[in-house]
Amino acid sequence: MPTDSGESELANLLGRRAERDTVKQLLIQAHAGHSGTLVVRGEAGIGKTAILEHARDTATRSGYRVESAVGAESETQFAFAGLHQLCAPLLDRVGVLPEPQQAALGVAFGMRGGAAPDRFLVGLATLNLLAEIAEEQPLLCLVDDAQWLDEASAQVLAFVARRVAAERMALVFAQRDASTNEVHLLSGLPELRLDGLGDKDAEALLAAAVRTPLDDEVRERIIAEARGNPLALLELPRGTPPTQLAGGFELPDTLTVPHRVEDEFRRRSGSLPPDTQLLLLVAAADPTGDVALLSRATAQLGIARTGAAPAEAAGLLEIDTRVRFRHPLARSAVYRAATPPDQRRAHGALAAATDPQLDPDRRAWHRAQSVLGTDEEAAAELERSADRARARGGLAAAAAFLQRAATLTPDHATRARRALEAARAKHEAGASESALELLTAAPLGPLDALQRAHLDLLRAQIVFHLTRGTEVPGMLMDAAKAFAPLDAALSRETYLHALDAAIINGGGDAVRIAEAALAAPAPGVPTRPVDLLLDGLTTTLTRGYSAGAPGLRLALAAFRDGPQAESVQSSQSDRWLWLAGRNAVAVLDDELLYVLAARNVQLAREAGALATLPAALNFLSITSVLMGDLAHADELATEATVITQATGGVPLRHARVILNAWRGDQAETTALNAIIASDDTYPDEGAEVSLAQYAMAVLHNGLGNYSAAQEAAARACRSDEQSISSTGLPELIEASVRAGEPARAALALEQFSSHAYACGTSWALGLAARSRALTSTGPGTEEQYREAIERLGESRMASDAARAHLVYGEWLRREGRRQDARKRLRTAHQLLSELGLEAFAERAARELRATGEHPRKRSTQPAHALTTHELHIARLVATGATSREIAAQLFLSPRTIEAHLRNIFRKLGITSRRQLKDLPLP
């Protein structure tokens, strides 16, 4: 404020030389194209806003464009409100973005209709919009009171902050210290912590703020009580009579400094005329700072235009082009000091003054806060606001609207329905624990059978998400039974959820659930791929693999051939693509596996669904390993990791552990396996641990540690997950043969052969032939090796085909056919080396040396100097993709891609994209 801006500057920048230098360095680096982020943290009143203002002034003098946003406690229910503040002045440039990104921002900001955008597609659009502006002029983005950003805005801005790299851009956030249990989305970003002023600076500030004489004892007491908080040093003496300052200043010891400051604001506002207090309350209840809205609302209450003058004179409020409180603590102090009836009057006036056409959601929210008791009309209006918020991708906002709507609903059944919908929205928004708490309030009225079933399903889904508890499959099965007479189609999908949870958890529940699912009624709609998948899985689990495999293949073909256009049936099928892909491994159908895994990634990319894309990328990475394209598998796994880190998701390790195992990297594979084994969220018999054991079996077979491979493969094959046993049994057979346990190998071969013949694919029959050859000693052995090489050569599975050459060469050498062995082992060594299967390649090399031949070492290519991320970009450039296209795929900005390209060119000794196309890339 004009009257004390000098004091504020002195208060907040005294002794902050190091902090100012940090901000200056950030701006210098950003100006040079090394963008960065800084989160300024500290308690209320410690000087965070002053540091941001210092950053603004410094940036302005350095030629920056500065844009800003301020979080508001009462804005947390409005999705993308904070982001819109920041981006609104830039939206005239939104036309430079790709259409999907334009649409995402348009829908998020309510400027156009369309499907709710993925949160991280909005993040990518924001990143590229800011990057475009920064191309013209260095850009500084300031976000004050970030702890009060709405969840959607906070998530997007955290995503952007983690992705900026080569842009001329800096982001600085000011955030109040979190409570003990609070985890904010900005956690983990570079921080600048502000502590209290030293005694010397505190004395200087106090002398500037209090111009009456101070006794030494009183001065020391004030400084000690303020604990270096600049706002406390400025505000606490303001309302104190000079006589007290001269000799009897007392401060309550029981409150923290921010609470003491807030209490001082409360005392100061309480001494104002009643109409001024009410005007302050209306201003506190509306965080938009809209002067016209405040004027209309106070007119509703009969408050004269001059009512604001005492508040401005007291230094609490400033009304210019915007309505501004002296400090956020002043706003919260005014609101909390008001009585509930006065709060309702203020919100009622704001609701009446808000245009229902221009801002229906804010009007609905104010109206809801003005209600005493219940009000169906207000609740229904809030429910419509929830629908609009959901359509913009604001799940957290939708949940808040629905939760408040439930409390306002007079009809018990409708109240229960809205509470249930609010809990579902909270779960979808990631607030699963809060959703579980809300579910306890759902049975406030008479739930009908269908609502009860939905409640049970949601509770089971939340518990599985939070704990993966062993009780969840049974909970899902009970929900499926409850749906059976009410919604047969949903009942079948719920049985599939239950089966999947049981398979992931292990423990033997899968068969029991499959038996229950057999009694499920027909779906009552045309047969869907998901119905065929349920039938195939239940048959496999209850009647055996041979009986179920044909049905599974029929289901997977239906997923492959199903509707691709936008339709309800298509979207339902898409939700199950990941499970369909896993079962393509189970039936060893390499064509279906590739098509389904690739489509899952394609759909996630097109939707910008960064929440689900990492899992899809990991599965396609594993598929690429099996197909022998380890370089592409590495790129996919790296991309998944980068996106997971940017979005704050749960790390997915299975693609990486399987990739490292096939590479023969013992240290990395063993370390990842140990992490998975020690994670309490992974049951010992669950799919995650079994996948890691499968990887260990591959690793040790490659290294020739056959006893260890046999033990790991046996553990993997105990999984209920058919895809693990289908790929694990061949590892167990090879390890058992090499470990000198033919009986164990024969037993595994009998089990696998029935699987393979039921599948009938080249991959399955080739693995069966290879496994039979390993266990054979008769005259037909060589024919079986040749069959394995031929059939696997017809499949996409180059890794298994190369290994077939290896075991055939090993057999030839043991048969004493040295010349034939050399030829076959030479082929195996070349194939395995080219694929990057280093441990298996070394196994072939040892065998070659035993025949008297020394294999050639691979020559080092220039591309080997590239990181995985750089190699991925280089490959995309080699296809002719532009920097903008690559940036959209990798969720980066075009400028960042260009920076990576400069590094790639330098490492490869080239200067153009054309030269890159001509280079051999692994």
# chains A, B, ... in the order shown; residues from 1 in each chain; ligands from 1
>>> select_by_dssp(residues="range 188-408 of chain A", states="strand (DSSP E or B)", output="PDB file with N, CA and C atoms, in the first residue's frame")
ATOM      1  N   GLU A 191      14.451 -25.127  -3.722  1.00  0.00           N
ATOM      2  CA  GLU A 191      13.816 -24.295  -2.703  1.00  0.00           C
ATOM      3  C   GLU A 191      14.743 -23.194  -2.214  1.00  0.00           C
ATOM      4  N   LEU A 192      14.122 -22.101  -1.810  1.00  0.00           N
ATOM      5  CA  LEU A 192      14.799 -21.011  -1.099  1.00  0.00           C
ATOM      6  C   LEU A 192      14.007 -20.786   0.175  1.00  0.00           C
ATOM      7  N   ARG A 193      14.607 -21.116   1.302  1.00  0.00           N
ATOM      8  CA  ARG A 193      13.870 -20.996   2.569  1.00  0.00           C
ATOM      9  C   ARG A 193      14.177 -19.667   3.226  1.00  0.00           C
ATOM     10  N   LEU A 317      -7.195  -2.556   3.814  1.00  0.00           N
ATOM     11  CA  LEU A 317      -7.749  -2.792   2.484  1.00  0.00           C
ATOM     12  C   LEU A 317      -7.336  -1.662   1.556  1.00  0.00           C
ATOM     13  N   GLU A 318      -7.203  -1.996   0.281  1.00  0.00           N
ATOM     14  CA  GLU A 318      -6.941  -0.991  -0.742  1.00  0.00           C
ATOM     15  C   GLU A 318      -7.865  -1.262  -1.918  1.00  0.00           C
ATOM     16  N   ILE A 319      -8.592  -0.247  -2.370  1.00  0.00           N
ATOM     17  CA  ILE A 319      -9.481  -0.398  -3.525  1.00  0.00           C
ATOM     18  C   ILE A 319      -8.996   0.556  -4.609  1.00  0.00           C
ATOM     19  N   VAL A 323      -9.511  -5.013  -5.687  1.00  0.00           N
ATOM     20  CA  VAL A 323      -9.666  -4.982  -4.233  1.00  0.00           C
ATOM     21  C   VAL A 323      -8.537  -5.825  -3.648  1.00  0.00           C
ATOM     22  N   ARG A 324      -7.706  -5.225  -2.822  1.00  0.00           N
ATOM     23  CA  ARG A 324      -6.553  -5.937  -2.266  1.00  0.00           C
ATOM     24  C   ARG A 324      -6.508  -5.771  -0.755  1.00  0.00           C
ATOM     25  N   PHE A 325      -6.291  -6.898  -0.070  1.00  0.00           N
ATOM     26  CA  PHE A 325      -6.036  -6.839   1.368  1.00  0.00           C
ATOM     27  C   PHE A 325      -4.550  -6.600   1.593  1.00  0.00           C
TER      28      PHE A 325
END
>>> residues_around(residues="Leu699 in chain A", least_positions_apart="2", cutoff="9 Å", atoms="only C-alpha atoms", output="JSON, numbers by chain")
{"A": [658, 660, 661, 662, 663, 664, 665, 666, 669, 694, 695, 696, 697, 701, 702, 703, 704, 705, 709, 839, 840]}
>>> select_by_dssp(residues="range 703-867 of chain A", states="helix (DSSP H, G or I)", output="ChimeraX atom specification")
/A:703,706-716,722-738,742-759,762-775,781-794,798-814,818-835,838-850,862-865
>>> atom_distance(atom1="CA of Ser491 in chain A", atom2="CA of Ile504 in chain A")
19.9 Å
>>> residues_around(residues="range 514-525 of chain A", least_positions_apart="4", cutoff="10 Å", atoms="only C-alpha atoms", output="ChimeraX atom specification")
/A:477-478,480-481,483-485,487-496,498-499,502,509-510,531,534-535,537-543
